[in-house]
$ cat upload06.json   # JSON, C-alpha atoms
[["chain", "number", "residue", "atom", "x", "y", "z"],
["A", 1, "MET", "CA", 54.36, 49.63, -82.27],
["A", 2, "THR", "CA", 50.62, 49.31, -82.69],
["A", 3, "ASP", "CA", 49.25, 50.74, -85.92],
["A", 4, "LEU", "CA", 47.29, 53.95, -85.50],
["A", 5, "TYR", "CA", 44.07, 54.51, -87.41],
["A", 6, "LEU", "CA", 41.06, 56.79, -87.50],
["A", 7, "SER", "CA", 38.21, 55.05, -85.68],
["A", 8, "ASP", "CA", 35.50, 57.72, -85.40],
["A", 9, "ILE", "CA", 34.50, 60.95, -87.12],
["A", 10, "TYR", "CA", 32.03, 63.35, -85.50],
["A", 11, "ILE", "CA", 30.43, 66.60, -86.55],
["A", 12, "TYR", "CA", 28.29, 68.97, -84.49],
["A", 13, "PRO", "CA", 26.47, 71.04, -87.11],
["A", 14, "ILE", "CA", 24.79, 73.28, -84.51],
["A", 15, "LYS", "CA", 27.21, 74.31, -81.79],
["A", 16, "SER", "CA", 26.47, 72.68, -78.41],
["A", 17, "LEU", "CA", 23.73, 70.38, -79.73],
["A", 18, "GLY", "CA", 23.97, 66.61, -80.25],
["A", 19, "GLY", "CA", 26.69, 65.36, -82.58],
["A", 20, "ILE", "CA", 26.64, 62.96, -85.53],
["A", 21, "ARG", "CA", 29.03, 60.07, -86.16],
["A", 22, "LEU", "CA", 30.04, 59.68, -89.81],
["A", 23, "GLU", "CA", 31.95, 57.07, -91.78],
["A", 24, "ALA", "CA", 33.53, 59.78, -93.96],
["A", 25, "ALA", "CA", 33.73, 63.58, -93.98],
["A", 26, "GLU", "CA", 35.34, 66.35, -95.99],
["A", 27, "ALA", "CA", 38.15, 68.14, -94.16],
["A", 28, "GLU", "CA", 37.91, 71.85, -94.90],
["A", 29, "ALA", "CA", 39.87, 74.86, -93.67],
["A", 30, "ARG", "CA", 37.27, 75.67, -90.98],
["A", 31, "GLY", "CA", 36.93, 72.04, -89.88],
["A", 32, "LEU", "CA", 34.89, 69.10, -91.09],
["A", 33, "ARG", "CA", 32.15, 70.00, -93.59],
["A", 34, "HIS", "CA", 28.97, 71.17, -91.80],
["A", 35, "ASP", "CA", 30.71, 71.12, -88.40],
["A", 36, "ARG", "CA", 29.55, 74.02, -86.22],
["A", 37, "ARG", "CA", 28.46, 76.12, -89.17],
["A", 38, "TRP", "CA", 25.25, 76.91, -87.23],
["A", 39, "MET", "CA", 24.92, 78.34, -83.74],
["A", 40, "LEU", "CA", 22.23, 79.45, -81.32],
["A", 41, "VAL", "CA", 22.50, 82.96, -79.91],
["A", 42, "ASP", "CA", 20.53, 85.00, -77.38],
["A", 43, "GLU", "CA", 18.78, 88.31, -78.00],
["A", 44, "LYS", "CA", 22.11, 90.16, -77.82],
["A", 45, "GLY", "CA", 23.83, 87.84, -80.28],
["A", 46, "ASN", "CA", 25.91, 86.02, -77.66],
["A", 47, "PHE", "CA", 26.40, 82.30, -78.27],
["A", 48, "LEU", "CA", 24.45, 79.76, -76.22],
["A", 49, "THR", "CA", 26.27, 76.76, -74.80],
["A", 50, "GLN", "CA", 25.72, 73.68, -72.68],
["A", 51, "ARG", "CA", 28.06, 75.26, -70.14],
["A", 52, "GLN", "CA", 25.14, 77.35, -68.91],
["A", 53, "HIS", "CA", 22.22, 75.53, -70.56],
["A", 54, "ALA", "CA", 22.61, 71.77, -70.19],
["A", 55, "GLN", "CA", 19.20, 71.20, -71.81],
["A", 56, "MET", "CA", 20.83, 71.91, -75.17],
["A", 57, "ALA", "CA", 22.17, 68.33, -75.03],
["A", 58, "LEU", "CA", 18.59, 67.10, -75.48],
["A", 59, "LEU", "CA", 18.39, 68.45, -79.04],
["A", 60, "GLN", "CA", 19.76, 65.90, -81.51],
["A", 61, "VAL", "CA", 20.82, 66.90, -85.02],
["A", 62, "SER", "CA", 20.84, 64.56, -88.01],
["A", 63, "LEU", "CA", 22.24, 65.17, -91.47],
["A", 64, "GLU", "CA", 19.77, 65.00, -94.37],
["A", 65, "GLN", "CA", 20.29, 65.31, -98.12],
["A", 66, "GLU", "CA", 19.58, 69.04, -98.35],
["A", 67, "GLY", "CA", 19.65, 70.17, -94.75],
["A", 68, "LEU", "CA", 19.50, 69.27, -91.07],
["A", 69, "GLU", "CA", 16.80, 67.75, -88.93],
["A", 70, "VAL", "CA", 16.60, 68.49, -85.21],
["A", 71, "ARG", "CA", 14.66, 66.32, -82.77],
["A", 72, "HIS", "CA", 14.04, 66.68, -79.05],
["A", 73, "LYS", "CA", 15.37, 63.51, -77.42],
["A", 74, "GLN", "CA", 12.33, 63.45, -75.11],
["A", 75, "GLY", "CA", 9.90, 63.96, -77.99],
["A", 76, "LYS", "CA", 8.54, 67.26, -76.68],
["A", 77, "LEU", "CA", 8.21, 68.90, -80.11],
["A", 78, "GLU", "CA", 7.71, 67.89, -83.71],
["A", 79, "PRO", "CA", 11.06, 67.51, -85.56],
["A", 80, "LEU", "CA", 12.45, 70.62, -87.21],
["A", 81, "TYR", "CA", 13.89, 70.73, -90.73],
["A", 82, "ILE", "CA", 16.61, 73.30, -91.51],
["A", 83, "PRO", "CA", 17.69, 73.77, -95.15],
["A", 84, "PHE", "CA", 21.39, 74.24, -95.81],
["A", 85, "ALA", "CA", 20.77, 77.52, -97.64],
["A", 86, "ALA", "CA", 20.37, 80.46, -95.24],
["A", 87, "THR", "CA", 19.05, 83.74, -96.61],
["A", 88, "GLY", "CA", 17.91, 85.56, -93.47],
["A", 89, "ARG", "CA", 18.98, 88.91, -92.14],
["A", 90, "GLU", "CA", 22.56, 89.54, -91.10],
["A", 91, "LEU", "CA", 23.39, 89.72, -87.40],
["A", 92, "GLN", "CA", 26.58, 90.39, -85.48],
["A", 93, "VAL", "CA", 27.20, 87.39, -83.21],
["A", 94, "THR", "CA", 29.77, 86.82, -80.49],
["A", 95, "VAL", "CA", 31.72, 83.63, -79.75],
["A", 96, "TRP", "CA", 34.07, 84.19, -76.82],
["A", 97, "ASP", "CA", 36.21, 87.19, -77.84],
["A", 98, "ASP", "CA", 35.19, 87.17, -81.51],
["A", 99, "THR", "CA", 32.33, 89.14, -83.04],
["A", 100, "VAL", "CA", 31.53, 88.17, -86.63],
["A", 101, "PRO", "CA", 28.64, 88.51, -89.11],
["A", 102, "ALA", "CA", 26.17, 85.62, -89.46],
["A", 103, "LEU", "CA", 22.75, 85.06, -91.01],
["A", 104, "GLU", "CA", 19.63, 84.28, -88.99],
["A", 105, "VAL", "CA", 18.17, 81.21, -90.70],
["A", 106, "SER", "CA", 14.53, 82.23, -90.17],
["A", 107, "PRO", "CA", 12.29, 83.65, -87.41],
["A", 108, "ASP", "CA", 10.11, 80.51, -87.49],
["A", 109, "ILE", "CA", 13.10, 78.25, -86.92],
["A", 110, "SER", "CA", 14.32, 80.51, -84.14],
["A", 111, "SER", "CA", 10.87, 80.26, -82.52],
["A", 112, "TRP", "CA", 11.14, 76.45, -82.50],
["A", 113, "PHE", "CA", 14.41, 76.64, -80.59],
["A", 114, "THR", "CA", 12.99, 79.23, -78.19],
["A", 115, "GLU", "CA", 10.17, 76.83, -77.33],
["A", 116, "ALA", "CA", 12.44, 73.77, -77.18],
["A", 117, "LEU", "CA", 14.93, 75.38, -74.81],
["A", 118, "GLY", "CA", 12.56, 77.55, -72.78],
["A", 119, "MET", "CA", 14.58, 80.69, -73.45],
["A", 120, "ALA", "CA", 15.10, 83.20, -76.22],
["A", 121, "ALA", "CA", 17.21, 81.64, -78.97],
["A", 122, "ARG", "CA", 17.97, 82.47, -82.58],
["A", 123, "LEU", "CA", 19.62, 80.09, -85.03],
["A", 124, "VAL", "CA", 22.34, 81.65, -87.17],
["A", 125, "HIS", "CA", 24.50, 80.28, -89.99],
["A", 126, "MET", "CA", 28.10, 81.17, -90.82],
["A", 127, "PRO", "CA", 28.24, 82.23, -94.50],
["A", 128, "PRO", "CA", 31.38, 81.39, -96.51],
["A", 129, "GLN", "CA", 32.59, 85.01, -96.53],
["A", 130, "THR", "CA", 32.73, 85.21, -92.72],
["A", 131, "ARG", "CA", 36.30, 84.81, -91.54],
["A", 132, "ARG", "CA", 36.84, 83.93, -87.90],
["A", 133, "LEU", "CA", 40.55, 83.60, -87.19],
["A", 134, "VAL", "CA", 42.35, 81.08, -85.01],
["A", 135, "ASP", "CA", 44.22, 82.58, -82.03],
["A", 136, "THR", "CA", 47.33, 84.23, -83.47],
["A", 137, "ASP", "CA", 49.45, 82.72, -80.67],
["A", 138, "TYR", "CA", 48.94, 79.33, -82.33],
["A", 139, "ALA", "CA", 48.02, 80.05, -85.95],
["A", 140, "THR", "CA", 50.80, 79.86, -88.52],
["A", 141, "ASN", "CA", 49.11, 80.99, -91.71],
["A", 142, "GLY", "CA", 46.01, 82.98, -90.79],
["A", 143, "GLU", "CA", 43.93, 79.82, -90.27],
["A", 144, "VAL", "CA", 40.17, 80.18, -89.87],
["A", 145, "VAL", "CA", 37.66, 78.34, -87.71],
["A", 146, "SER", "CA", 33.91, 77.82, -87.65],
["A", 147, "PHE", "CA", 31.78, 78.56, -84.57],
["A", 148, "ALA", "CA", 33.87, 75.97, -82.67],
["A", 149, "ASP", "CA", 35.43, 77.30, -79.47],
["A", 150, "GLY", "CA", 38.82, 77.97, -81.01],
["A", 151, "TYR", "CA", 40.22, 75.39, -83.43],
["A", 152, "PRO", "CA", 39.01, 73.58, -86.57],
["A", 153, "PHE", "CA", 39.66, 70.03, -85.30],
["A", 154, "LEU", "CA", 39.88, 68.19, -81.97],
["A", 155, "LEU", "CA", 41.61, 64.80, -81.79],
["A", 156, "ILE", "CA", 41.36, 62.27, -78.93],
["A", 157, "GLY", "CA", 42.84, 58.80, -78.64],
["A", 158, "GLN", "CA", 40.47, 56.02, -77.61],
["A", 159, "ALA", "CA", 43.24, 54.79, -75.28],
["A", 160, "ALA", "CA", 43.01, 58.07, -73.34],
["A", 161, "LEU", "CA", 39.30, 57.52, -72.71],
["A", 162, "ASP", "CA", 39.89, 53.87, -71.82],
["A", 163, "ASP", "CA", 42.52, 54.95, -69.30],
["A", 164, "LEU", "CA", 40.14, 57.48, -67.77],
["A", 165, "ASN", "CA", 37.28, 54.99, -67.58],
["A", 166, "SER", "CA", 39.54, 52.51, -65.77],
["A", 167, "ARG", "CA", 39.70, 55.09, -62.96],
["A", 168, "LEU", "CA", 35.96, 55.89, -62.81],
["A", 169, "GLU", "CA", 33.19, 54.04, -61.00],
["A", 170, "GLN", "CA", 30.84, 54.85, -63.88],
["A", 171, "PRO", "CA", 32.46, 55.01, -67.33],
["A", 172, "VAL", "CA", 31.73, 57.98, -69.57],
["A", 173, "LEU", "CA", 31.24, 58.06, -73.33],
["A", 174, "MET", "CA", 33.48, 59.82, -75.81],
["A", 175, "ASN", "CA", 30.58, 62.12, -76.77],
["A", 176, "GLN", "CA", 31.00, 64.06, -73.50],
["A", 177, "PHE", "CA", 34.36, 65.29, -74.87],
["A", 178, "ARG", "CA", 32.93, 66.25, -78.27],
["A", 179, "PRO", "CA", 35.92, 65.37, -80.48],
["A", 180, "SER", "CA", 35.89, 65.65, -84.25],
["A", 181, "LEU", "CA", 38.41, 62.83, -84.75],
["A", 182, "VAL", "CA", 39.11, 59.72, -82.64],
["A", 183, "PHE", "CA", 41.93, 57.29, -83.27],
["A", 184, "ARG", "CA", 42.81, 53.84, -81.97],
["A", 185, "GLY", "CA", 46.24, 52.39, -81.28],
["A", 186, "GLY", "CA", 49.16, 53.56, -79.18],
["A", 187, "GLU", "CA", 49.47, 54.34, -75.49],
["A", 188, "PRO", "CA", 47.05, 56.54, -73.53],
["A", 189, "PHE", "CA", 47.67, 60.22, -74.32],
["A", 190, "ALA", "CA", 50.22, 59.40, -77.03],
["A", 191, "GLU", "CA", 48.82, 62.40, -78.92],
["A", 192, "ASP", "CA", 50.28, 64.75, -76.29],
["A", 193, "SER", "CA", 53.72, 64.44, -77.88],
["A", 194, "TRP", "CA", 52.75, 64.76, -81.53],
["A", 195, "ASP", "CA", 53.49, 67.70, -83.76],
["A", 196, "GLY", "CA", 52.88, 66.84, -87.43],
["A", 197, "PHE", "CA", 50.96, 63.78, -88.59],
["A", 198, "THR", "CA", 48.80, 62.52, -91.42],
["A", 199, "ILE", "CA", 45.43, 60.81, -91.48],
["A", 200, "GLY", "CA", 45.16, 59.16, -94.86],
["A", 201, "SER", "CA", 46.60, 61.81, -97.17],
["A", 202, "GLN", "CA", 45.61, 64.75, -94.97],
["A", 203, "LEU", "CA", 48.28, 66.61, -93.02],
["A", 204, "PHE", "CA", 47.55, 67.98, -89.54],
["A", 205, "ARG", "CA", 49.48, 69.75, -86.81],
["A", 206, "ALA", "CA", 48.73, 69.41, -83.10],
["A", 207, "VAL", "CA", 49.05, 72.94, -81.76],
["A", 208, "LYS", "CA", 47.54, 73.03, -78.28],
["A", 209, "PRO", "CA", 46.17, 70.63, -75.65],
["A", 210, "CYS", "CA", 42.44, 71.06, -75.15],
["A", 211, "ALA", "CA", 41.50, 72.55, -71.76],
["A", 212, "ARG", "CA", 38.26, 70.93, -70.63],
["A", 213, "CYS", "CA", 35.16, 72.55, -69.13],
["A", 214, "VAL", "CA", 31.93, 71.49, -67.43],
["A", 215, "VAL", "CA", 30.42, 70.24, -70.73],
["A", 216, "THR", "CA", 32.42, 67.05, -70.14],
["A", 217, "THR", "CA", 30.32, 66.43, -67.01],
["A", 218, "ILE", "CA", 26.98, 66.51, -68.88],
["A", 219, "ASN", "CA", 25.39, 63.21, -69.90],
["A", 220, "GLN", "CA", 24.59, 63.81, -73.56],
["A", 221, "ALA", "CA", 21.57, 61.50, -73.47],
["A", 222, "THR", "CA", 19.85, 62.96, -70.39],
["A", 223, "ALA", "CA", 21.45, 66.42, -69.83],
["A", 224, "GLU", "CA", 22.18, 65.37, -66.23],
["A", 225, "LYS", "CA", 25.33, 66.74, -64.60],
["A", 226, "SER", "CA", 27.93, 64.96, -62.49],
["A", 227, "PRO", "CA", 31.23, 65.89, -60.81],
["A", 228, "GLU", "CA", 32.89, 63.33, -63.10],
["A", 229, "PRO", "CA", 34.97, 63.00, -65.14],
["A", 230, "LEU", "CA", 36.58, 66.37, -64.30],
["A", 231, "ARG", "CA", 37.12, 65.40, -60.66],
["A", 232, "THR", "CA", 39.16, 62.35, -61.61],
["A", 233, "LEU", "CA", 40.95, 64.04, -64.51],
["A", 234, "ALA", "CA", 42.09, 66.79, -62.15],
["A", 235, "MET", "CA", 44.11, 64.18, -60.24],
["A", 236, "TYR", "CA", 46.40, 63.38, -63.15],
["A", 237, "ARG", "CA", 45.70, 65.64, -66.14],
["A", 238, "GLN", "CA", 45.88, 69.10, -64.58],
["A", 239, "GLN", "CA", 48.51, 71.63, -65.61],
["A", 240, "ARG", "CA", 48.52, 75.30, -64.59],
["A", 241, "ASN", "CA", 44.97, 74.98, -63.25],
["A", 242, "LYS", "CA", 43.69, 73.58, -66.56],
["A", 243, "ILE", "CA", 42.48, 70.02, -67.11],
["A", 244, "LEU", "CA", 43.80, 68.74, -70.44],
["A", 245, "PHE", "CA", 42.26, 66.02, -72.60],
["A", 246, "GLY", "CA", 42.73, 65.84, -76.36],
["A", 247, "GLN", "CA", 44.66, 67.94, -78.87],
["A", 248, "ASN", "CA", 43.50, 70.92, -80.90],
["A", 249, "LEU", "CA", 44.58, 70.65, -84.51],
["A", 250, "LEU", "CA", 45.19, 72.86, -87.50],
["A", 251, "PRO", "CA", 45.03, 71.48, -91.05],
["A", 252, "GLY", "CA", 48.36, 71.40, -92.83],
["A", 253, "SER", "CA", 47.17, 70.56, -96.33],
["A", 254, "ALA", "CA", 44.35, 71.24, -98.75],
["A", 255, "GLY", "CA", 40.98, 69.70, -97.99],
["A", 256, "GLY", "CA", 40.11, 66.13, -98.78],
["A", 257, "THR", "CA", 38.07, 63.19, -97.55],
["A", 258, "LEU", "CA", 38.72, 61.51, -94.21],
["A", 259, "ARG", "CA", 37.39, 57.98, -93.74],
["A", 260, "VAL", "CA", 37.06, 55.71, -90.74],
["A", 261, "GLY", "CA", 39.90, 53.23, -91.02],
["A", 262, "ASP", "CA", 42.39, 55.70, -92.51],
["A", 263, "LYS", "CA", 45.93, 55.14, -91.30],
["A", 264, "LEU", "CA", 47.42, 57.74, -88.96],
["A", 265, "THR", "CA", 51.15, 58.35, -89.34],
["A", 266, "VAL", "CA", 53.14, 60.52, -86.92],
["A", 267, "LEU", "CA", 55.71, 62.62, -88.80],
["A", 268, "SER", "CA", 57.22, 64.70, -86.00],
["A", 269, "ARG", "CA", 57.02, 65.13, -82.25],
["A", 270, "LYS", "CA", 57.20, 68.13, -79.94]]
$ encode --input "upload06.json" --output "structure tokens"
Amino acid sequence: MTDLYLSDIYIYPIKSLGGIRLEAAEAEARGLRHDRRWMLVDEKGNFLTQRQHAQMALLQVSLEQEGLEVRHKQGKLEPLYIPFAATGRELQVTVWDDTVPALEVSPDISSWFTEALGMAARLVHMPPQTRRLVDTDYATNGEVVSFADGYPFLLIGQAALDDLNSRLEQPVLMNQFRPSLVFRGGEPFAEDSWDGFTIGSQLFRAVKPCARCVVTTINQATAEKSPEPLRTLAMYRQQRNKILFGQNLLPGSAGGTLRVGDKLTVLSRK
């Protein structure tokens, strides 16, 4: 059997904006450190997403020593610096069915995003005391999650993407699926059968296949939409009217460092 290993680590500090590939990251209870700890919301506190606003893909985040930098991929605005520390006013914000407290980073920073996106937007940060719980149908120990859609980690095998691209006229990049962890080795969709596994010394549990949405059809470099890859995936990855690609994970051990190249070992299968 081919050895399995961690090949890519991604974080998306601001939900629905451009992601960052890292060589190493700290695995925390809510997900990778800095992953989706910030989010853009509208005037009512509802989260903003590429699902309705594809132009969000044009804002690229980078990780700096003491904060984040955001650039418009088309150079329409001067870069924006966002310090890690957020001390703004508290707001109630909504992500899907959850409403939780968050801190607006600053009115000036929110104004930058309003101009960049052409719509009202406020940047909020999730403080450590905010607890957003994983769906109780899948949680086992009151696990928490960041502003991610529902789970702290998303794992995809490179072989699954390679299999998909072999069926497409125009291949797509992994960034359209927005995983946190990518591994190499094994057969396409091998991760579908996993239950418990380790990456390096970190224990994980695959709890639920990831149902995919229209974000996977958005080119992350141009914000252009296409019928693919959902149209092709629907031909062989659809179950109960949901198109599945990747596995949602819960952490099964205390936090630690994940590094590209770490060995992945499957401990149990479903």
$ residues_around --input "upload06.json" --residues "A:Glu90" --least-positions-apart "2" --cutoff "9 Å" --atoms "only C-alpha atoms" --output "mmCIF file with C-alpha atoms, in the coordinates of the input"
data_model
loop_
_atom_site.group_PDB
_atom_site.id
_atom_site.type_symbol
_atom_site.label_atom_id
_atom_site.label_comp_id
_atom_site.auth_asym_id
_atom_site.auth_seq_id
_atom_site.Cartn_x
_atom_site.Cartn_y
_atom_site.Cartn_z
ATOM 1 C CA THR A 87 19.050 83.740 -96.610
ATOM 2 C CA GLY A 88 17.910 85.560 -93.470
ATOM 3 C CA GLN A 92 26.580 90.390 -85.480
ATOM 4 C CA PRO A 101 28.640 88.510 -89.110
ATOM 5 C CA ALA A 102 26.170 85.620 -89.460
ATOM 6 C CA LEU A 103 22.750 85.060 -91.010
ATOM 7 C CA GLU A 104 19.630 84.280 -88.990
ATOM 8 C CA VAL A 124 22.340 81.650 -87.170
#
$ residues_around --input "upload06.json" --residues "stretch 70-74 of chain A" --least-positions-apart "2" --cutoff "9 Å" --atoms "all atoms listed in the file" --output "PyMOL selection string"
chain A and resi 57-62+68+76-82+116+221-222
$ residues_near_point --input "upload06.json" --point "(21.5, 83.0, -79.3)" --cutoff "10 Å" --atoms "only C-alpha atoms" --output "list in words"
Met39, Leu40, Val41, Asp42, Glu43, Lys44, Gly45, Asn46, Phe47, Leu48, Thr49, Val93, Thr94, Glu104, Ser110, Phe113, Thr114, Met119, Ala120, Ala121, Arg122, Leu123 and Val124 of chain A
$ residues_around --input "upload06.json" --residues "A:Phe177" --least-positions-apart "6" --cutoff "9 Å" --atoms "all atoms listed in the file" --output "list in words"
Ile156, Arg212, Val215, Thr216, Thr217, Phe245 and Gly246 of chain A
$ closest_residue --input "upload06.json" --among "A:Arg184, A:Arg167, A:Lys15, A:Arg37" --to "A:Asp262" --atoms "all atoms listed in the file"
A:Arg184
$ closest_residue --input "upload06.json" --among "A:Val214, A:Val260, A:Leu250, A:Leu91" --to "A:Val134" --atoms "only C-alpha atoms"
A:Leu250
$ closest_residue --input "upload06.json" --among "A:Arg237, A:Lys270, A:Arg178, A:Lys242" --to "A:Arg21" --atoms "only C-alpha atoms"
A:Arg178
$ closest_residue --input "upload06.json" --among "A:Arg259, A:Met56, A:Ile243, A:Glu26" --to "A:Gly118" --atoms "only C-alpha atoms"
A:Met56
$ residues_around --input "upload06.json" --residues "A:Arg131" --least-positions-apart "3" --cutoff "12 Å" --atoms "only C-alpha atoms" --output "list in words"
Ala29, Arg30, Arg37, Asp98, Thr99, Val100, Pro101, Ala102, Met126, Pro127, Pro128, Val134, Gly142, Glu143, Val144, Val145, Ser146 and Phe147 of chain A
$ build_atoms --input "upload06.json" --residues "stretch 176-185 of chain A" --atoms "all heavy atoms" --output "compact mmCIF listing (two decimals), in the coordinates of the input"
# COMPACT_ATOMS: atom_id res chain seq x y z
N GLN A 176 30.92 62.97 -74.48
CA GLN A 176 31.00 64.06 -73.50
C GLN A 176 32.20 64.96 -73.76
O GLN A 176 32.24 66.10 -73.27
CB GLN A 176 31.03 63.50 -72.08
CG GLN A 176 29.70 62.90 -71.69
CD GLN A 176 29.60 62.43 -70.24
OE1 GLN A 176 28.85 61.50 -69.94
NE2 GLN A 176 30.32 63.07 -69.34
N PHE A 177 33.17 64.49 -74.54
CA PHE A 177 34.36 65.29 -74.87
C PHE A 177 34.26 65.95 -76.24
O PHE A 177 35.12 66.74 -76.61
CB PHE A 177 35.61 64.42 -74.78
CG PHE A 177 35.89 63.95 -73.39
CD1 PHE A 177 35.45 62.71 -72.95
CD2 PHE A 177 36.57 64.76 -72.49
CE1 PHE A 177 35.69 62.27 -71.66
CE2 PHE A 177 36.82 64.33 -71.20
CZ PHE A 177 36.37 63.09 -70.78
N ARG A 178 33.27 65.59 -77.02
CA ARG A 178 32.93 66.25 -78.27
C ARG A 178 34.12 66.41 -79.23
O ARG A 178 34.39 67.49 -79.75
CB ARG A 178 32.27 67.60 -77.99
CG ARG A 178 31.00 67.42 -77.13
CD ARG A 178 30.35 68.73 -76.77
NE ARG A 178 29.71 69.35 -77.89
CZ ARG A 178 28.51 69.02 -78.39
NH1 ARG A 178 27.82 68.04 -77.85
NH2 ARG A 178 28.00 69.67 -79.42
N PRO A 179 34.83 65.30 -79.51
CA PRO A 179 35.92 65.37 -80.48
C PRO A 179 35.39 65.41 -81.90
O PRO A 179 34.25 65.04 -82.17
CB PRO A 179 36.70 64.08 -80.23
CG PRO A 179 35.61 63.12 -79.84
CD PRO A 179 34.64 63.93 -79.00
N SER A 180 36.23 65.82 -82.83
CA SER A 180 35.89 65.65 -84.25
C SER A 180 36.53 64.38 -84.79
O SER A 180 35.95 63.72 -85.66
CB SER A 180 36.31 66.87 -85.07
OG SER A 180 37.59 67.33 -84.72
N LEU A 181 37.70 64.01 -84.25
CA LEU A 181 38.41 62.83 -84.75
C LEU A 181 38.87 61.98 -83.56
O LEU A 181 39.41 62.50 -82.58
CB LEU A 181 39.64 63.26 -85.56
CG LEU A 181 39.38 64.22 -86.74
CD1 LEU A 181 40.70 64.70 -87.33
CD2 LEU A 181 38.52 63.55 -87.80
N VAL A 182 38.66 60.67 -83.66
CA VAL A 182 39.11 59.72 -82.64
C VAL A 182 39.97 58.68 -83.33
O VAL A 182 39.64 58.20 -84.42
CB VAL A 182 37.92 59.04 -81.94
CG1 VAL A 182 38.40 58.05 -80.89
CG2 VAL A 182 36.99 60.08 -81.31
N PHE A 183 41.08 58.32 -82.70
CA PHE A 183 41.93 57.29 -83.27
C PHE A 183 42.13 56.16 -82.27
O PHE A 183 41.96 56.33 -81.06
CB PHE A 183 43.29 57.86 -83.69
CG PHE A 183 44.20 58.20 -82.54
CD1 PHE A 183 45.14 57.29 -82.07
CD2 PHE A 183 44.12 59.44 -81.92
CE1 PHE A 183 45.98 57.59 -81.00
CE2 PHE A 183 44.96 59.75 -80.85
CZ PHE A 183 45.89 58.83 -80.39
N ARG A 184 42.47 55.01 -82.79
CA ARG A 184 42.81 53.84 -81.97
C ARG A 184 44.26 53.44 -82.23
O ARG A 184 44.80 53.67 -83.31
CB ARG A 184 41.88 52.67 -82.25
CG ARG A 184 40.47 52.88 -81.70
CD ARG A 184 39.59 51.66 -81.94
NE ARG A 184 38.24 51.88 -81.46
CZ ARG A 184 37.81 51.52 -80.25
NH1 ARG A 184 38.63 50.89 -79.41
NH2 ARG A 184 36.57 51.76 -79.88
N GLY A 185 44.85 52.80 -81.21
CA GLY A 185 46.24 52.39 -81.28
C GLY A 185 47.10 53.28 -80.41
O GLY A 185 46.75 54.43 -80.14
